[in-house]
Amino acid sequence: MQLNNKQLKDILLKGDYVSSEDMQKAEEYAKKNKSLIVDYLLSNDLISNDILGQAAAEFFKVEYADLNSNQPSREQVLKIPEDVARKFRLILFKEDKKGNVVATDNPGQKGALAAASQALKTKKVRLAYSLPEDINIAFVHYRKTLDTRFNEIIKSEQRVAPEIIDEIIKDALTFHASDIHFEPQEKEAVIRFRVDGVLQEAGRVSKEYYENILNRIKVQANLRIDEHFAAQDGAIRIKDNDRQVDMRISVAPTVDGEKVVIRLLAQYVRGFTLADLGLSPSHQEEVNKVARKPFGMILVTGPTGSGKTTTSYALLKLLNRPEVNITTIEDPVEYKITEANQIQVNSQKGLTFAKGLRSIVRQDPDIILVGEIRDNETAEIAVNAALTGHLLLSTFHANNAATAIPRLLDMGIEPFLLASTLEAVVAQRLVRKICDDCRFSYSEKFINIEKLIPDAKRYFGDKKEVTLYKGKGCSACGNVGYKGRTAIFEVISISPEMENLILQNPSNQQVWELAKKQGVRSFFEDGIDRVKGGVTSLEELLRVAEPA
């Protein structure tokens with residue numbers, strides 16, 4: 001049961017979890033954005049999910065079952081029949097000497113305790129509270145494969161396309177996919193999810209049904225269904241458990257038909273801090289220092305899908321105070337920011353990054369976020385905005401921190417202007433995290449590591465064996481050994497020496513050589529710390545970064 005805003009307000013105020021002033025702001029935000037008050041409270045670090053769960057448990061006068069930290073196994077979940085579990089929202093949490101603890105998001109529901117006792121064939125059952133989203137995640141163990149559900153939908157001969165699309169989106173949200181790929185082949189279309197940066201097949205559907213699925217997506221995204229040989233872009237907005245999910249749609253023609261990619265936005269990122277993103281304490285200190293400056297430009301760089309936007313929003317969250325005016329121009333607006341003015345690029349109406357940025361400068365902002373610097377005109381306006389007393393944040397496509405400076409100079413930015421305005425370049429890439437539930441350590445012979453990393457002594461010292469970590473694979477991570485992602489970083493703060501080098505129109509190599517002398521660590525060096533700490537595996541680090 002999803003608690004409503006009134007219930008949440010009563011619970012949190014009664015337990016003194018939040019102040020009346022913060023609750024008033026949360027209510028105003030919820031009313032304006034048609035959301036739950038917890039969206040505001042969580043995104044502003046006023047409460048955590050654990051506090052929310054504990055508060056609700058106190059309200060229901062039961063214990064709190066943290067299904068997120070203690071995820072139940074498939075065998076555990078299936079001990080309660082699916083029809084009973086879904087009707088009463090029940091998950092077996094644990095079994096101890098006192099009996100069975102069954103988690104639910106509605107402990108007050110009539111008949112829930114009796115149903116749990118009957119299902120487990122014991123009277124020694126007590127109910128506990130768990131958050132609705134954690135209950136939903138546990139329910140994944142009841143789900144049949146997409147292919148099985150596709151066949152059942154096709155046999156029913158009713159609303160085939162809408163039903164199949166709904167099932168695909170439900171699974172994508174359940175597994176925290178960032179993208180859904182519909183890939184037409186000669187006789188069928190393959191559906192794949194990108195989860196933690198890696199594509200995995202989710203199901204297949206016959207080509208005879210794919211055309212209707214494609215047209216359904218086009219209609220919902222306001223795209224032309226009679227256009228089959230040109231790329232099209234659109235958007236769809238849906239509701240999922242009282243929360244809004246925005247989807248960005250891209251359709252492109254291939255030799256076997258039109259391919260669709262759906263990017264799921266604003267679903268899993270909720271107010272990350274710099275520490276949450278994976279920035280080391282030293283990197284956090286550097287970024288905090290430059291972000292507190294009254295003007296200048298901070299660039300977040302990396303390839304597509306490396307989390308640049310998330311880092312930019314974490315920086316805005318750090319800077320977001322009542323006394324400053326934050327204005328953004330984005331394409332698209334991916335996450336809503338409390339008390340910020342966000343502008344959506346609309347090229348059809350002539351609102352480009354460059355034109356929007358010109359307008360923003362006249363809106364008396366203190367801090368400006370430009371979603372992406374894509375062309376010379378936007379780059380020039382951004383640099384000039386930073387030069388005239390604004391703190392400007394933007395993302396930029398570059399493979400590493402050192403590459404960003406020569407690329408901006410190649411775009412026509414005058415070296416003296418760039419040297420005067422650029423404060424820092426934060427480059428990042430994402431690595432998969434080893435699953436906490438199945439992580440194990442093992443000893444690897446140093447000679448084997450040297451085969452992978454020629455200069456291994458530099459990173460691990462002179463040892464015969466090195467302790468590394470992997471994931472065995474379990475139900476919590478879908479048997480892949482990884483769950484979630486973290487970022488590895490390169491952070492170049494612009495020192496007086498770097499300013500002088502920029503004036504000389506340097507190469508990537510020259511920038512990196514000076515950065516290294518000043519103590520800047522490479523992606524690989526930053527990642528090695530995560531490997532040693534058991535956050536990620538050596539194989540995963542080598543997949544995304546080279547020793548440097």
# chains A, B, ... in the order shown; residues from 1 in each chain; ligands from 1
call {"tool": "closest_atom_pairs", "arguments": {"of": "segment 341-426 of chain A", "to": "segment 283-297 of chain A", "cutoff": "7 Å", "atoms": "only C-alpha atoms", "output": "Markdown table"}}
result
| residue | atom | partner | partner_atom | distance |
| --- | --- | --- | --- | --- |
| A:Ala386 | CA | A:Gly296 | CA | 4.6 |
| A:Leu387 | CA | A:Gly296 | CA | 6.4 |
| A:Gly389 | CA | A:Phe295 | CA | 5.1 |
| A:His390 | CA | A:Phe295 | CA | 4.6 |
| A:Leu391 | CA | A:Phe295 | CA | 4.0 |
| A:Leu392 | CA | A:Met297 | CA | 4.8 |
| A:Leu393 | CA | A:Met297 | CA | 5.9 |
| A:Thr421 | CA | A:Gly296 | CA | 4.7 |
| A:Leu422 | CA | A:Met297 | CA | 4.7 |
| A:Glu423 | CA | A:Met297 | CA | 5.5 |
| A:Ala424 | CA | A:Val290 | CA | 6.9 |
call {"tool": "select_by_dssp", "arguments": {"residues": "segment 453-516 of chain A", "states": "helix (DSSP H, G or I)", "output": "list in words"}}
result
Ala456, Lys457, Arg458, Tyr459, Phe460, Ser475, Ala476, Cys477, Pro496, Glu497, Met498, Glu499, Asn500, Leu501, Ile502, Asn508, Gln509, Gln510, Val511, Trp512, Glu513, Leu514, Ala515 and Lys516 of chain A
call {"tool": "write_last_selection", "arguments": {"atoms": "C-alpha atoms", "output": "PDB file, in the first residue's frame"}}
result
ATOM      1  CA  ALA A 456      51.517  -4.047 -12.118  1.00  0.00           C
ATOM      2  CA  LYS A 457      54.115  -3.309  -9.395  1.00  0.00           C
ATOM      3  CA  ARG A 458      53.239   0.365  -9.674  1.00  0.00           C
ATOM      4  CA  TYR A 459      49.670  -0.363  -8.597  1.00  0.00           C
ATOM      5  CA  PHE A 460      50.006  -3.392  -6.296  1.00  0.00           C
ATOM      6  CA  SER A 475      19.271 -14.117  -7.433  1.00  0.00           C
ATOM      7  CA  ALA A 476      19.866 -10.558  -6.198  1.00  0.00           C
ATOM      8  CA  CYS A 477      22.076  -9.691  -9.203  1.00  0.00           C
ATOM      9  CA  PRO A 496      48.240  29.108 -12.768  1.00  0.00           C
ATOM     10  CA  GLU A 497      50.676  26.750 -14.556  1.00  0.00           C
ATOM     11  CA  MET A 498      47.782  25.115 -16.450  1.00  0.00           C
ATOM     12  CA  GLU A 499      46.462  28.574 -17.410  1.00  0.00           C
ATOM     13  CA  ASN A 500      49.860  29.420 -18.928  1.00  0.00           C
ATOM     14  CA  LEU A 501      49.886  26.124 -20.815  1.00  0.00           C
ATOM     15  CA  ILE A 502      46.377  26.770 -22.228  1.00  0.00           C
ATOM     16  CA  ASN A 508      46.315  16.379 -25.119  1.00  0.00           C
ATOM     17  CA  GLN A 509      49.676  14.916 -24.164  1.00  0.00           C
ATOM     18  CA  GLN A 510      51.060  18.242 -22.941  1.00  0.00           C
ATOM     19  CA  VAL A 511      47.973  18.863 -20.785  1.00  0.00           C
ATOM     20  CA  TRP A 512      48.160  15.368 -19.279  1.00  0.00           C
ATOM     21  CA  GLU A 513      51.905  15.578 -18.565  1.00  0.00           C
ATOM     22  CA  LEU A 514      51.425  18.784 -16.564  1.00  0.00           C
ATOM     23  CA  ALA A 515      48.323  17.369 -14.831  1.00  0.00           C
ATOM     24  CA  LYS A 516      50.305  14.284 -13.741  1.00  0.00           C
TER      25      LYS A 516
END
call {"tool": "closest_residue", "arguments": {"among": "A:Tyr142, A:Phe416, A:Phe489, A:Phe175", "to": "Gly302 of chain A", "atoms": "only C-alpha atoms"}}
result
A:Phe489
call {"tool": "residues_around", "arguments": {"residues": "segment 337-342 of chain A", "least_positions_apart": "6", "cutoff": "7 Å", "atoms": "only C-alpha atoms", "output": "number ranges by chain"}}
result
A: 326-329
call {"tool": "closest_residue", "arguments": {"among": "A:Asp105, A:Glu377, A:Asp410, A:Glu540", "to": "Gln54 of chain A", "atoms": "only C-alpha atoms"}}
result
A:Asp105
call {"tool": "residues_around", "arguments": {"residues": "Glu465 of chain A", "least_positions_apart": "6", "cutoff": "7 Å", "atoms": "only C-alpha atoms", "output": "ChimeraX atom specification"}}
result
/A:443-446
call {"tool": "write_last_selection", "arguments": {"atoms": "N, CA and C atoms", "output": "PDB file, in the first residue's frame"}}
result
ATOM      1  N   SER A 443      42.737 -15.097  -3.981  1.00  0.00           N
ATOM      2  CA  SER A 443      44.132 -14.714  -4.191  1.00  0.00           C
ATOM      3  C   SER A 443      44.530 -14.995  -5.633  1.00  0.00           C
ATOM      4  N   GLU A 444      45.115 -13.995  -6.279  1.00  0.00           N
ATOM      5  CA  GLU A 444      45.560 -14.131  -7.668  1.00  0.00           C
ATOM      6  C   GLU A 444      47.080 -14.016  -7.708  1.00  0.00           C
ATOM      7  N   LYS A 445      47.734 -14.927  -8.423  1.00  0.00           N
ATOM      8  CA  LYS A 445      49.193 -14.871  -8.534  1.00  0.00           C
ATOM      9  C   LYS A 445      49.599 -13.597  -9.265  1.00  0.00           C
ATOM     10  N   PHE A 446      50.655 -12.973  -8.758  1.00  0.00           N
ATOM     11  CA  PHE A 446      51.103 -11.698  -9.316  1.00  0.00           C
ATOM     12  C   PHE A 446      51.509 -11.840 -10.779  1.00  0.00           C
TER      13      PHE A 446
END
call {"tool": "closest_residue", "arguments": {"among": "A:Leu3, A:Val160, A:Val77, A:Val38", "to": "Tyr129 of chain A", "atoms": "only C-alpha atoms"}}
result
A:Leu3
call {"tool": "closest_residue", "arguments": {"among": "A:Ile11, A:Leu369, A:Val18, A:Leu120", "to": "Asn44 of chain A", "atoms": "only C-alpha atoms"}}
result
A:Val18
call {"tool": "residues_around", "arguments": {"residues": "Leu542 of chain A", "least_positions_apart": "2", "cutoff": "10 Å", "atoms": "only C-alpha atoms", "output": "compact mmCIF listing (two decimals) with N, CA, C and O atoms, in the first residue's frame"}}
result
# COMPACT_ATOMS: atom_id res chain seq x y z
N VAL A 431 31.79 2.05 -13.88
CA VAL A 431 32.15 0.63 -13.76
C VAL A 431 31.06 -0.07 -12.95
O VAL A 431 30.44 0.53 -12.07
N LEU A 452 48.12 -8.98 -17.52
CA LEU A 452 47.06 -8.02 -17.83
C LEU A 452 47.54 -6.58 -17.72
O LEU A 452 47.13 -5.72 -18.49
N ILE A 453 48.42 -6.33 -16.73
CA ILE A 453 48.92 -4.98 -16.47
C ILE A 453 50.44 -5.02 -16.44
O ILE A 453 51.04 -5.46 -15.44
N PHE A 524 42.43 4.84 -14.39
CA PHE A 524 42.89 3.53 -13.95
C PHE A 524 43.38 3.58 -12.51
O PHE A 524 43.07 2.69 -11.71
N GLY A 527 40.45 3.81 -10.35
CA GLY A 527 39.74 2.53 -10.34
C GLY A 527 40.44 1.45 -9.54
O GLY A 527 39.79 0.59 -8.94
N ILE A 528 41.78 1.48 -9.50
CA ILE A 528 42.52 0.47 -8.74
C ILE A 528 42.14 0.52 -7.26
O ILE A 528 42.05 -0.53 -6.59
N SER A 537 35.64 -5.33 -9.88
CA SER A 537 36.64 -6.35 -10.19
C SER A 537 37.71 -5.78 -11.11
O SER A 537 37.49 -4.78 -11.79
N LEU A 538 38.85 -6.44 -11.15
CA LEU A 538 39.93 -6.00 -12.03
C LEU A 538 39.50 -6.13 -13.49
O LEU A 538 39.80 -5.26 -14.31
N GLU A 539 38.77 -7.19 -13.81
CA GLU A 539 38.29 -7.39 -15.18
C GLU A 539 37.36 -6.26 -15.61
O GLU A 539 37.44 -5.77 -16.75
N GLU A 540 36.50 -5.81 -14.71
CA GLU A 540 35.57 -4.73 -15.03
C GLU A 540 36.32 -3.42 -15.23
O GLU A 540 36.01 -2.65 -16.15
N VAL A 544 36.86 -0.81 -19.00
CA VAL A 544 36.51 0.59 -19.26
C VAL A 544 37.70 1.55 -19.19
O VAL A 544 37.58 2.70 -19.59
N ALA A 545 38.85 1.10 -18.69
CA ALA A 545 40.00 2.01 -18.56
C ALA A 545 41.31 1.27 -18.82
O ALA A 545 41.44 0.08 -18.51
N GLU A 546 42.27 2.00 -19.39
CA GLU A 546 43.59 1.43 -19.66
C GLU A 546 44.60 1.94 -18.64
O GLU A 546 44.50 3.08 -18.18
N PRO A 547 45.59 1.10 -18.28
CA PRO A 547 46.65 1.58 -17.38
C PRO A 547 47.34 2.80 -17.98
O PRO A 547 47.66 2.82 -19.17
call {"tool": "residues_around", "arguments": {"residues": "Lys123 of chain A", "least_positions_apart": "2", "cutoff": "12 Å", "atoms": "only C-alpha atoms", "output": "number ranges by chain"}}
result
A: 98-101, 113-121, 125-127
call {"tool": "select_by_dssp", "arguments": {"residues": "segment 246-469 of chain A", "states": "strand (DSSP E)", "output": "ChimeraX atom specification"}}
result
/A:246-254,257-265,296-301,326-330,341-344,367-370,391-396,422-434,439-445,465-469
call {"tool": "residues_around", "arguments": {"residues": "Pro406 of chain A", "least_positions_apart": "6", "cutoff": "8 Å", "atoms": "only C-alpha atoms", "output": "PyMOL selection string"}}
result
chain A and resi 505-508
call {"tool": "atom_distance", "arguments": {"atom1": "atom CA of Ala548 of chain A", "atom2": "atom CA of Pro454 of chain A"}}
result
10.7 Å
call {"tool": "atom_distance", "arguments": {"atom1": "atom CA of Arg159 of chain A", "atom2": "atom CA of Tyr210 of chain A"}}
result
13.1 Å
call {"tool": "closest_residue", "arguments": {"among": "A:Thr309, A:Asn212, A:Thr467, A:Ser48", "to": "Pro162 of chain A", "atoms": "only C-alpha atoms"}}
result
A:Asn212
call {"tool": "closest_residue", "arguments": {"among": "A:Gly15, A:Pro281, A:Gly53, A:Pro81", "to": "Ser130 of chain A", "atoms": "only C-alpha atoms"}}
result
A:Gly53
call {"tool": "atom_distance", "arguments": {"atom1": "atom CA of Phe139 of chain A", "atom2": "atom CA of Leu12 of chain A"}}
result
27.4 Å
call {"tool": "closest_atom_pairs", "arguments": {"of": "segment 134-220 of chain A", "to": "segment 224-227 of chain A", "cutoff": "10 Å", "atoms": "only C-alpha atoms", "output": "CSV"}}
result
residue,atom,partner,partner_atom,distance
A:Leu214,CA,A:Ile225,CA,8.5
A:Asn215,CA,A:Ile225,CA,5.9
A:Arg216,CA,A:Ile225,CA,8.8
A:Ile217,CA,A:Ile225,CA,9.3
A:Lys218,CA,A:Ile225,CA,6.1
A:Val219,CA,A:Ile225,CA,7.1
call {"tool": "write_last_selection", "arguments": {"atoms": "C-alpha atoms", "output": "PDB file, in the first residue's frame"}}
result
ATOM      1  CA  LEU A 214       6.291  -0.001 -33.564  1.00  0.00           C
ATOM      2  CA  ASN A 215       3.190   1.946 -34.620  1.00  0.00           C
ATOM      3  CA  ARG A 216       1.860   1.961 -31.051  1.00  0.00           C
ATOM      4  CA  ILE A 217       5.128   3.484 -29.779  1.00  0.00           C
ATOM      5  CA  LYS A 218       5.104   6.054 -32.608  1.00  0.00           C
ATOM      6  CA  VAL A 219       1.540   7.131 -31.836  1.00  0.00           C
TER       7      VAL A 219
END
